[in-house]
$ cat model_6.txt   # compact mmCIF, C-alpha atoms
# COMPACT_ATOMS: atom_id res chain seq x y z
CA MET A 1 0.00 0.00 0.00
CA ASP A 2 1.22 3.51 -0.84
CA LYS A 3 1.11 5.51 2.38
CA LEU A 4 -0.73 8.81 2.46
CA SER A 5 1.58 11.81 2.74
CA TYR A 6 -0.93 13.69 4.90
CA ALA A 7 -1.71 10.85 7.35
CA SER A 8 0.08 10.46 10.67
CA GLU A 9 2.03 7.22 11.13
CA SER A 10 1.71 7.37 14.92
CA PRO A 11 0.38 4.01 16.19
CA ASN A 12 -2.03 5.65 18.64
CA THR A 13 -4.08 7.75 16.21
CA ALA A 14 -7.66 6.92 15.31
CA TRP A 15 -6.63 6.54 11.65
CA SER A 16 -3.97 4.00 12.62
CA THR A 17 -6.55 2.03 14.60
CA TYR A 18 -8.84 1.98 11.56
CA LEU A 19 -6.02 0.79 9.25
CA GLN A 20 -5.23 -2.07 11.64
CA GLN A 21 -8.90 -3.07 11.58
CA ILE A 22 -8.79 -3.18 7.75
CA ASP A 23 -5.60 -5.26 7.89
CA ARG A 24 -7.41 -7.79 10.08
CA VAL A 25 -10.38 -8.18 7.74
CA ALA A 26 -8.41 -8.35 4.46
CA PRO A 27 -7.67 -12.13 4.68
CA TYR A 28 -11.42 -12.86 4.77
CA LEU A 29 -12.31 -10.96 1.58
CA GLY A 30 -11.27 -13.48 -1.09
CA GLU A 31 -11.18 -12.05 -4.62
CA LEU A 32 -12.51 -8.72 -3.33
CA SER A 33 -9.18 -8.19 -1.51
CA ARG A 34 -7.89 -6.86 -4.85
CA TRP A 35 -9.91 -3.73 -4.08
CA VAL A 36 -9.13 -3.44 -0.37
CA ASP A 37 -6.75 -0.46 -0.76
CA THR A 38 -9.87 1.51 -1.68
CA LEU A 39 -10.69 1.46 2.02
CA ARG A 40 -7.25 2.84 2.98
CA HIS A 41 -7.61 5.93 0.77
CA PRO A 42 -10.23 8.61 1.51
CA LYS A 43 -11.91 9.80 -1.66
CA ARG A 44 -11.76 13.47 -0.72
CA ALA A 45 -10.37 15.52 2.16
CA LEU A 46 -11.19 19.22 2.43
CA ILE A 47 -9.45 21.56 4.89
CA VAL A 48 -10.91 25.05 5.22
CA ASP A 49 -9.95 28.23 7.03
CA ILE A 50 -12.76 29.77 9.07
CA PRO A 51 -12.16 33.43 9.95
CA LEU A 52 -14.43 34.54 12.77
CA GLN A 53 -15.13 37.99 14.14
CA MET A 54 -15.36 37.58 17.90
CA ASP A 55 -17.76 39.53 20.10
CA ASP A 56 -14.89 41.79 21.22
CA GLY A 57 -14.13 42.76 17.60
CA SER A 58 -10.98 40.65 17.25
CA ILE A 59 -10.52 38.18 14.38
CA ARG A 60 -9.64 34.54 15.05
CA HIS A 61 -9.04 31.73 12.57
CA PHE A 62 -10.23 28.14 13.07
CA GLU A 63 -9.43 24.96 11.13
CA GLY A 64 -12.37 23.15 9.58
CA PHE A 65 -12.50 19.74 7.90
CA ARG A 66 -14.82 17.60 5.78
CA VAL A 67 -13.64 14.17 4.65
CA GLN A 68 -15.57 11.90 2.31
CA HIS A 69 -14.03 8.48 2.75
CA ASN A 70 -16.02 6.39 0.27
CA LEU A 71 -19.10 7.14 -1.85
CA SER A 72 -19.40 3.82 -3.70
CA ARG A 73 -22.78 2.95 -2.14
CA GLY A 74 -24.39 6.39 -2.07
CA PRO A 75 -23.95 9.95 -0.79
CA GLY A 76 -21.67 10.63 2.16
CA LYS A 77 -23.14 10.53 5.67
CA GLY A 78 -21.49 11.60 8.88
CA GLY A 79 -21.45 14.02 11.76
CA VAL A 80 -19.77 17.35 12.42
CA ARG A 81 -17.61 17.49 15.56
CA TYR A 82 -16.68 20.70 17.42
CA HIS A 83 -13.78 19.86 19.74
CA PRO A 84 -10.34 21.38 20.48
CA ASN A 85 -8.56 18.14 19.52
CA VAL A 86 -10.17 17.70 16.11
CA ASP A 87 -7.56 17.10 13.40
CA LEU A 88 -7.42 15.61 9.91
CA ASN A 89 -6.39 12.12 11.06
CA GLU A 90 -9.30 11.91 13.50
CA VAL A 91 -11.83 13.12 10.92
CA MET A 92 -10.43 10.66 8.35
CA ALA A 93 -10.88 7.78 10.78
CA LEU A 94 -14.38 8.85 11.76
CA SER A 95 -15.38 9.13 8.09
CA ALA A 96 -13.96 5.66 7.42
CA TRP A 97 -15.87 4.19 10.36
CA MET A 98 -19.02 5.78 8.91
CA THR A 99 -18.35 3.98 5.61
CA ILE A 100 -18.15 0.68 7.49
CA LYS A 101 -21.12 1.51 9.74
CA CYS A 102 -23.51 2.42 6.91
CA ALA A 103 -22.60 -0.75 5.03
CA ALA A 104 -22.84 -2.94 8.17
CA VAL A 105 -26.51 -1.98 8.60
CA ASN A 106 -27.00 -1.86 4.80
CA LEU A 107 -27.93 1.81 4.48
CA PRO A 108 -27.50 3.32 0.98
CA TYR A 109 -24.76 5.71 2.10
CA GLY A 110 -21.03 6.15 1.98
CA GLY A 111 -19.00 7.50 4.88
CA ALA A 112 -18.08 11.11 5.62
CA LYS A 113 -17.23 13.25 8.65
CA GLY A 114 -16.50 16.86 9.47
CA GLY A 115 -15.25 18.99 12.29
CA ILE A 116 -13.86 22.26 13.55
CA ARG A 117 -10.90 22.53 15.90
CA VAL A 118 -12.63 24.62 18.56
CA ASP A 119 -13.93 24.45 22.11
CA PRO A 120 -17.59 25.36 21.51
CA PHE A 121 -18.16 26.03 25.21
CA LYS A 122 -15.75 28.98 25.05
CA LEU A 123 -17.78 30.75 22.35
CA SER A 124 -20.90 32.84 22.79
CA GLU A 125 -24.00 31.69 20.95
CA GLY A 126 -23.49 34.45 18.39
CA GLU A 127 -19.90 33.40 17.79
CA LEU A 128 -20.96 29.77 17.48
CA GLU A 129 -23.60 30.67 14.91
CA ARG A 130 -21.18 32.77 12.83
CA LEU A 131 -18.59 29.97 13.01
CA THR A 132 -21.14 27.39 11.86
CA ARG A 133 -22.45 29.51 9.00
CA ARG A 134 -18.96 30.29 7.67
CA TYR A 135 -17.93 26.63 7.94
CA THR A 136 -21.09 25.56 6.09
CA SER A 137 -20.40 28.07 3.32
CA GLU A 138 -16.81 26.84 3.00
CA ILE A 139 -17.78 23.16 2.68
CA GLY A 140 -20.92 23.96 0.68
CA LEU A 141 -19.34 22.85 -2.60
CA VAL A 142 -19.02 19.24 -1.38
CA ILE A 143 -22.23 18.75 0.65
CA GLY A 144 -25.85 18.39 -0.44
CA PRO A 145 -28.77 15.96 -0.08
CA GLN A 146 -27.44 13.82 -2.96
CA LYS A 147 -23.73 14.43 -2.20
CA ASP A 148 -23.00 14.38 1.53
CA ILE A 149 -25.38 14.85 4.45
CA PRO A 150 -23.85 16.14 7.73
CA ALA A 151 -25.34 15.45 11.18
CA PRO A 152 -24.58 16.29 14.84
CA ASP A 153 -21.63 14.78 16.68
CA VAL A 154 -19.58 15.73 19.76
CA GLY A 155 -20.01 19.44 20.49
CA THR A 156 -22.86 20.01 18.03
CA ASN A 157 -26.64 19.67 18.29
CA ALA A 158 -29.96 20.32 16.57
CA LYS A 159 -29.49 24.09 16.75
CA VAL A 160 -26.17 23.85 14.90
CA MET A 161 -27.84 21.66 12.26
CA ALA A 162 -30.60 24.27 11.83
CA TRP A 163 -27.93 26.93 11.15
CA MET A 164 -26.21 24.62 8.67
CA MET A 165 -29.46 23.85 6.85
CA ASP A 166 -30.41 27.52 6.71
CA THR A 167 -26.99 28.63 5.44
CA TYR A 168 -26.90 25.99 2.71
CA SER A 169 -30.49 26.84 1.74
CA MET A 170 -29.78 30.58 1.54
CA ASN A 171 -26.81 29.91 -0.73
CA GLN A 172 -28.96 27.67 -2.96
CA GLY A 173 -31.89 30.08 -3.02
CA THR A 174 -34.48 27.59 -1.76
CA THR A 175 -35.16 25.64 1.42
CA ILE A 176 -33.39 22.27 1.30
CA THR A 177 -34.13 20.45 4.55
CA GLY A 178 -32.45 17.20 3.45
CA VAL A 179 -28.92 18.66 3.42
CA VAL A 180 -28.40 17.75 7.11
CA THR A 181 -30.04 15.43 9.63
CA GLY A 182 -30.45 15.81 13.37
CA LYS A 183 -32.43 19.03 12.88
CA PRO A 184 -35.21 20.29 15.17
CA VAL A 185 -38.42 18.39 14.41
CA HIS A 186 -40.24 21.55 13.30
CA LEU A 187 -37.53 22.15 10.66
CA GLY A 188 -37.73 18.72 9.07
CA GLY A 189 -36.10 16.72 11.83
CA SER A 190 -37.24 13.23 12.75
CA LEU A 191 -38.95 12.08 15.90
CA GLY A 192 -36.73 9.67 17.82
CA ARG A 193 -33.46 10.98 16.38
CA GLU A 194 -31.98 12.36 19.60
CA LYS A 195 -32.37 9.07 21.48
CA ALA A 196 -31.64 6.80 18.51
CA THR A 197 -27.95 6.10 19.09
CA GLY A 198 -28.47 5.11 22.72
CA ARG A 199 -31.48 3.02 21.73
CA GLY A 200 -29.34 1.20 19.16
CA VAL A 201 -26.74 0.42 21.83
CA PHE A 202 -29.49 -1.16 23.92
CA VAL A 203 -31.06 -3.11 21.03
CA THR A 204 -27.76 -4.61 19.83
CA GLY A 205 -26.60 -5.21 23.41
CA ARG A 206 -29.83 -7.03 24.23
CA GLU A 207 -29.47 -9.31 21.18
CA VAL A 208 -25.89 -10.26 22.06
CA ALA A 209 -26.59 -10.63 25.80
CA ARG A 210 -29.35 -13.13 24.98
CA ARG A 211 -26.93 -15.20 22.89
CA LEU A 212 -24.29 -15.11 25.63
CA ASN A 213 -26.86 -16.02 28.31
CA ILE A 214 -26.15 -12.76 30.17
CA GLU A 215 -29.19 -11.70 32.18
CA THR A 216 -29.90 -7.97 31.84
CA ASP A 217 -32.20 -8.18 34.87
CA GLY A 218 -29.89 -7.44 37.79
CA ALA A 219 -26.84 -6.78 35.62
CA ARG A 220 -24.32 -4.20 36.88
CA LEU A 221 -23.80 -1.50 34.27
CA ALA A 222 -20.81 0.85 33.91
CA VAL A 223 -21.24 3.89 31.65
CA GLN A 224 -18.47 6.17 30.42
CA GLY A 225 -19.95 9.35 28.98
CA PHE A 226 -23.37 10.61 30.07
CA GLY A 227 -24.50 12.48 26.98
CA ASN A 228 -27.32 11.48 24.65
CA VAL A 229 -25.84 8.04 23.94
CA GLY A 230 -24.72 6.87 27.37
CA SER A 231 -27.70 8.24 29.26
CA GLU A 232 -30.35 6.81 26.91
CA ALA A 233 -28.69 3.38 26.70
CA ALA A 234 -28.41 3.33 30.52
CA ARG A 235 -32.07 4.35 30.92
CA LEU A 236 -33.26 1.52 28.65
CA PHE A 237 -31.09 -1.06 30.42
CA VAL A 238 -32.42 0.09 33.80
CA ALA A 239 -35.97 -0.28 32.44
CA ALA A 240 -34.96 -3.87 31.56
CA GLY A 241 -33.88 -4.51 35.17
CA ALA A 242 -30.18 -3.55 35.16
CA ARG A 243 -28.62 -1.15 37.65
CA VAL A 244 -26.02 1.50 36.83
CA VAL A 245 -23.22 1.22 39.39
CA VAL A 246 -20.72 3.70 37.93
CA VAL A 247 -20.91 6.72 35.60
CA GLN A 248 -17.91 8.69 34.35
CA ASP A 249 -17.66 11.88 32.35
CA HIS A 250 -14.90 14.48 31.91
CA SER A 251 -15.80 16.06 35.25
CA ALA A 252 -16.11 13.10 37.66
CA THR A 253 -16.44 9.35 38.25
CA LEU A 254 -19.45 8.40 40.37
CA TYR A 255 -19.88 5.00 42.05
CA ASN A 256 -22.80 3.47 43.91
CA ALA A 257 -22.87 -0.33 44.24
CA GLU A 258 -26.62 -0.26 44.93
CA GLY A 259 -27.34 1.64 41.73
CA ILE A 260 -27.32 5.31 40.71
CA ASP A 261 -30.67 7.09 40.39
CA LEU A 262 -30.53 8.14 36.72
CA THR A 263 -33.47 10.53 36.95
CA ALA A 264 -31.80 12.43 39.80
CA LEU A 265 -28.44 12.39 37.99
CA THR A 266 -30.02 13.68 34.77
CA ASP A 267 -31.69 16.52 36.67
CA TRP A 268 -28.37 17.37 38.35
CA GLN A 269 -26.55 17.34 35.01
CA ALA A 270 -29.17 19.58 33.39
CA THR A 271 -28.63 22.17 36.11
CA HIS A 272 -24.84 21.93 36.54
CA LYS A 273 -23.80 20.92 32.94
CA ASN A 274 -21.80 17.94 34.26
CA ILE A 275 -22.10 15.16 36.83
CA ALA A 276 -19.49 16.44 39.33
CA GLY A 277 -20.85 17.05 42.80
CA PHE A 278 -23.84 14.71 42.52
CA SER A 279 -24.65 13.52 46.05
CA GLY A 280 -26.31 10.23 45.12
CA ALA A 281 -22.99 8.44 44.57
CA GLN A 282 -19.42 8.36 45.82
CA THR A 283 -16.82 10.30 43.82
CA ILE A 284 -13.83 8.06 43.06
CA ASP A 285 -10.57 8.31 41.12
CA ALA A 286 -11.05 8.27 37.33
CA GLU A 287 -8.68 5.33 36.72
CA ALA A 288 -10.54 3.23 39.31
CA PHE A 289 -13.46 3.13 36.86
CA TRP A 290 -11.76 0.29 34.94
CA GLN A 291 -11.33 -1.96 37.99
CA LEU A 292 -14.83 -1.89 39.46
CA PRO A 293 -17.11 -4.97 39.51
CA MET A 294 -19.40 -4.77 36.44
CA ASP A 295 -21.23 -7.04 34.01
CA ILE A 296 -21.75 -4.70 31.06
CA LEU A 297 -19.56 -1.73 30.08
CA ILE A 298 -20.76 1.03 27.76
CA PRO A 299 -17.92 3.33 26.62
CA ALA A 300 -19.90 6.26 25.18
CA ALA A 301 -17.37 9.11 25.34
CA LEU A 302 -14.45 9.60 22.89
CA GLU A 303 -12.18 7.24 20.97
CA GLY A 304 -9.08 5.56 22.41
CA GLN A 305 -10.38 4.83 25.92
CA ILE A 306 -9.81 1.08 26.31
CA THR A 307 -6.07 0.46 26.27
CA ARG A 308 -4.43 -2.94 26.70
CA GLU A 309 -3.64 -2.07 30.33
CA ARG A 310 -7.25 -1.17 31.08
CA ALA A 311 -8.48 -4.26 29.21
CA GLU A 312 -6.42 -6.40 31.60
CA LYS A 313 -8.32 -4.97 34.58
CA LEU A 314 -11.91 -5.11 33.32
CA SER A 315 -14.29 -7.52 35.04
CA CYS A 316 -17.23 -7.19 32.63
CA LYS A 317 -18.52 -9.91 30.31
CA LEU A 318 -19.81 -7.61 27.58
CA ILE A 319 -18.67 -4.25 26.11
CA LEU A 320 -21.08 -2.16 24.04
CA GLU A 321 -19.22 0.51 22.07
CA GLY A 322 -21.45 3.56 22.17
CA ALA A 323 -18.52 5.78 21.15
CA ASN A 324 -16.58 5.59 17.90
CA GLY A 325 -13.24 3.77 18.16
CA PRO A 326 -13.03 3.47 21.96
CA THR A 327 -10.93 0.27 21.88
CA TYR A 328 -7.33 -0.03 20.63
CA PRO A 329 -6.54 -3.14 18.53
CA ASP A 330 -4.12 -4.60 21.11
CA ALA A 331 -6.85 -4.11 23.74
CA ASP A 332 -9.23 -6.01 21.46
CA ASP A 333 -6.79 -8.93 21.52
CA MET A 334 -6.56 -8.81 25.30
CA LEU A 335 -10.33 -8.73 25.70
CA ALA A 336 -10.73 -11.69 23.33
CA SER A 337 -8.13 -13.70 25.26
CA ARG A 338 -10.07 -13.01 28.46
CA GLY A 339 -13.42 -14.07 26.96
CA ILE A 340 -14.93 -10.57 27.02
CA THR A 341 -17.29 -9.98 24.08
CA VAL A 342 -17.18 -6.59 22.32
CA VAL A 343 -20.12 -5.35 20.26
CA PRO A 344 -18.22 -3.01 17.92
CA ASP A 345 -19.04 0.64 17.33
CA VAL A 346 -19.83 0.13 13.64
CA ILE A 347 -22.96 -1.81 14.55
CA CYS A 348 -23.53 -0.93 18.22
CA ASN A 349 -23.92 2.84 17.76
CA ALA A 350 -25.45 2.72 14.26
CA GLY A 351 -28.92 3.59 15.57
CA GLY A 352 -28.13 7.28 15.10
CA VAL A 353 -27.28 7.00 11.42
CA THR A 354 -30.23 4.64 10.89
CA VAL A 355 -32.70 7.25 12.14
CA SER A 356 -30.73 9.94 10.29
CA TYR A 357 -31.45 7.88 7.18
CA PHE A 358 -35.14 7.88 8.12
CA GLU A 359 -34.99 11.68 8.55
CA TRP A 360 -33.41 12.09 5.11
CA VAL A 361 -36.04 9.84 3.52
CA GLN A 362 -38.83 11.79 5.24
CA ASP A 363 -37.35 15.12 4.10
CA MET A 364 -37.02 13.94 0.51
CA ALA A 365 -40.64 12.72 0.50
CA SER A 366 -42.04 15.53 2.69
CA PHE A 367 -43.93 12.80 4.54
CA PHE A 368 -43.24 12.13 8.21
CA TRP A 369 -43.66 9.08 10.45
CA SER A 370 -44.69 8.70 14.08
CA GLU A 371 -42.09 7.98 16.77
CA SER A 372 -43.47 4.48 17.30
CA GLU A 373 -43.09 3.75 13.58
CA ILE A 374 -39.52 5.03 13.67
CA ASN A 375 -38.57 2.99 16.74
CA GLU A 376 -40.16 -0.13 15.27
CA ARG A 377 -38.31 0.27 11.94
CA MET A 378 -35.01 1.03 13.69
CA ASP A 379 -35.28 -1.92 16.09
CA LYS A 380 -35.95 -4.25 13.14
CA ILE A 381 -32.97 -2.98 11.09
CA MET A 382 -30.59 -3.02 14.06
CA SER A 383 -31.68 -6.44 15.33
CA GLU A 384 -31.45 -8.07 11.89
CA ALA A 385 -28.04 -6.50 11.22
CA MET A 386 -26.73 -7.65 14.61
CA ILE A 387 -28.01 -11.21 14.10
CA HIS A 388 -26.40 -11.33 10.63
CA ILE A 389 -23.07 -10.21 12.10
CA TRP A 390 -23.36 -12.69 14.99
CA ASP A 391 -23.94 -15.51 12.50
CA LYS A 392 -21.00 -14.36 10.37
CA ALA A 393 -18.73 -14.38 13.45
CA ARG A 394 -19.75 -17.95 14.21
CA GLU A 395 -19.27 -18.99 10.57
CA LYS A 396 -15.79 -17.45 10.29
CA GLU A 397 -14.80 -18.14 13.93
CA CYS A 398 -13.79 -14.51 14.45
CA SER A 399 -14.69 -11.57 16.69
CA LEU A 400 -17.88 -9.56 16.21
CA ARG A 401 -15.74 -6.62 15.07
CA THR A 402 -14.05 -8.63 12.33
CA ALA A 403 -17.43 -10.11 11.36
CA ALA A 404 -18.97 -6.63 11.08
CA TYR A 405 -16.05 -5.56 8.89
CA ILE A 406 -16.41 -8.67 6.71
CA VAL A 407 -20.11 -7.93 6.12
CA ALA A 408 -19.49 -4.21 5.49
CA CYS A 409 -16.34 -4.54 3.37
CA GLU A 410 -17.92 -7.17 1.12
CA ARG A 411 -20.80 -4.77 0.41
CA ILE A 412 -18.53 -1.76 -0.18
CA LEU A 413 -15.97 -3.54 -2.34
CA MET A 414 -18.63 -5.35 -4.38
CA ALA A 415 -20.09 -1.92 -5.20
CA ARG A 416 -16.61 -0.61 -6.03
CA LYS A 417 -15.84 -3.62 -8.25
CA ASP A 418 -19.13 -3.53 -10.13
CA ARG A 419 -18.97 0.24 -10.68
CA GLY A 420 -15.41 -0.06 -12.00
CA ILE A 421 -12.93 2.78 -12.31
CA TYR A 422 -13.88 5.87 -14.34
CA PRO A 423 -12.27 6.81 -16.64
CA GLY A 424 -11.00 3.29 -17.39
$ encode --input "model_6.txt" --output "structure tokens"
Amino acid sequence: MDKLSYASESPNTAWSTYLQQIDRVAPYLGELSRWVDTLRHPKRALIVDIPLQMDDGSIRHFEGFRVQHNLSRGPGKGGVRYHPNVDLNEVMALSAWMTIKCAAVNLPYGGAKGGIRVDPFKLSEGELERLTRRYTSEIGLVIGPQKDIPAPDVGTNAKVMAWMMDTYSMNQGTTITGVVTGKPVHLGGSLGREKATGRGVFVTGREVARRLNIETDGARLAVQGFGNVGSEAARLFVAAGARVVVVQDHSATLYNAEGIDLTALTDWQATHKNIAGFSGAQTIDAEAFWQLPMDILIPAALEGQITRERAEKLSCKLILEGANGPTYPDADDMLASRGITVVPDVICNAGGVTVSYFEWVQDMASFFWSESEINERMDKIMSEAMIHIWDKAREKECSLRTAAYIVACERILMARKDRGIYPG
């Protein structure tokens, strides 16, 4: 493989993790392996400068990115991340994981991702709006409802998507709601979208737990990250009889062996913007999180959280990857050797993109579904995809992650092969 001049060769980057995952699946691809380098080369990477007039009159410049990894199966699909550590290698990896994710659940999309290197919490709302609108204008030439459809990710939300949709629409001269997903419902958003990723974590986790004979009733749950994904997945597991014994976010690690009251914690978080100081649990050292007694672990924060060293300490039987890329490849090996099953991000957290797909379909048709219809359709797609991947893992005698990549890569590379190379 010819290495990319603009990609970091550091072994601990998200892009490096993705490349190792592709290396592991390549031997299973048969004649399609001829095309596997397609997956190691993003189709398009755009870096933009975003000048921003601050409220005090000064001018600051921010780096913005949009990467379209692969469009063989349809338009690009992927979130926009506002975070101070966003860089090209991270966005490339996230776009590549979106390619795999969309194919794993058989959505007619390719993978894309975007981001701005910024701490959104240090900007006023006016500054955030101006930043978003300039970024949208800069990437406007590569996005569109038939080209690439952004969505919310870390540091962005429905309000940001509304600004993106409006900016793109103003530049096109007509309202185009289908250019982004994750919008407010009254602007063409879908019911069920905000809770969809966490719901998908629960649905896939429930399917795998059944097959491993892990009882969710009474199970001890550990949750890293208490945003939309972690909190909703935890709520659904608690409704199924589990108890959340530890929750960690950037501000604190909270432990209560008897179970944390999620309603009280959610109310506290809404008021204080983080979980630190919550009185319904004991505050413990962050690293102790990985050594606590638990049955199911949901990493739902950022990538690169489960290292080999942490994998050696974990006591859980099942890991549900709510975040993208939370587990390093050498940690995967350690977990497998210890008999810990990992439901990989590319299927586990695909509920969000599944309901984003529903939103896009509804926008294109200008016909909207009820929340119960959406949940029913999502549960069916996620359950069937998870069962297919479980069966593939048993057939090939490999991990669920490798099985998910086999299923996805076969679909992507078959599309690439049958489309051919233009011009020839």
$ residues_around --input "model_6.txt" --residues "region 188-192 of chain A" --least-positions-apart "4" --cutoff "9 Å" --atoms "only C-alpha atoms" --output "NGL selection string"
:A and (158 or 177-178 or 181-184 or 196 or 355-356 or 358-360 or 362-363 or 366 or 368-372 or 374-375)
$ closest_atom_pairs --input "model_6.txt" --of "region 53-153 of chain A" --to "region 303-321 of chain A" --cutoff "12 Å" --atoms "all atoms listed in the file" --output "tab-separated table"
residue	atom	partner	partner_atom	distance
A:Asn85	CA	A:Glu303	CA	11.6
A:Val86	CA	A:Glu303	CA	11.7
A:Glu90	CA	A:Glu303	CA	9.3
A:Val91	CA	A:Glu303	CA	11.6
A:Ala93	CA	A:Glu303	CA	10.3
A:Leu94	CA	A:Glu303	CA	9.6
A:Trp97	CA	A:Glu303	CA	11.6
$ residues_around --input "model_6.txt" --residues "Pro108 (chain A)" --least-positions-apart "2" --cutoff "10 Å" --atoms "all atoms listed in the file" --output "PyMOL selection string"
chain A and resi 71-77+102-103+105-106+110+357
$ write_last_selection --input "model_6.txt" --atoms "C-alpha atoms" --output "compact mmCIF listing (two decimals), keeping the file's coordinate frame"
# COMPACT_ATOMS: atom_id res chain seq x y z
CA LEU A 71 -19.10 7.14 -1.85
CA SER A 72 -19.40 3.82 -3.70
CA ARG A 73 -22.78 2.95 -2.14
CA GLY A 74 -24.39 6.39 -2.07
CA PRO A 75 -23.95 9.95 -0.79
CA GLY A 76 -21.67 10.63 2.16
CA LYS A 77 -23.14 10.53 5.67
CA CYS A 102 -23.51 2.42 6.91
CA ALA A 103 -22.60 -0.75 5.03
CA VAL A 105 -26.51 -1.98 8.60
CA ASN A 106 -27.00 -1.86 4.80
CA GLY A 110 -21.03 6.15 1.98
CA TYR A 357 -31.45 7.88 7.18
$ atom_distance --input "model_6.txt" --atom1 "CA of Lys392 (chain A)" --atom2 "CA of Val407 (chain A)"
7.8 Å
$ residues_around --input "model_6.txt" --residues "Gly111 (chain A)" --least-positions-apart "3" --cutoff "6 Å" --atoms "all atoms listed in the file" --output "MDAnalysis selection string"
chainID A and resid 69:70 76:77 95:96 98:99
$ atom_distance --input "model_6.txt" --atom1 "CA of Gln291 (chain A)" --atom2 "CA of Asp217 (chain A)"
22.0 Å
$ closest_residue --input "model_6.txt" --among "A:Val229, A:Met54, A:Leu141, A:Ala7" --to "Lys122 (chain A)" --atoms "all atoms listed in the file"
A:Met54
$ residues_around --input "model_6.txt" --residues "Asp119 (chain A)" --least-positions-apart "5" --cutoff "8 Å" --atoms "all atoms listed in the file" --output "PyMOL selection string"
chain A and resi 82-84
$ closest_residue --input "model_6.txt" --among "A:Thr136, A:Ile275, A:Ile149, A:Ala393" --to "Asp166 (chain A)" --atoms "all atoms listed in the file"
A:Thr136
$ residues_around --input "model_6.txt" --residues "Ile298 (chain A)" --least-positions-apart "2" --cutoff "10 Å" --atoms "only C-alpha atoms" --output "ChimeraX atom specification"
/A:201-202,205,221-225,229-230,233-234,247,296,300-301,318-323,326,343
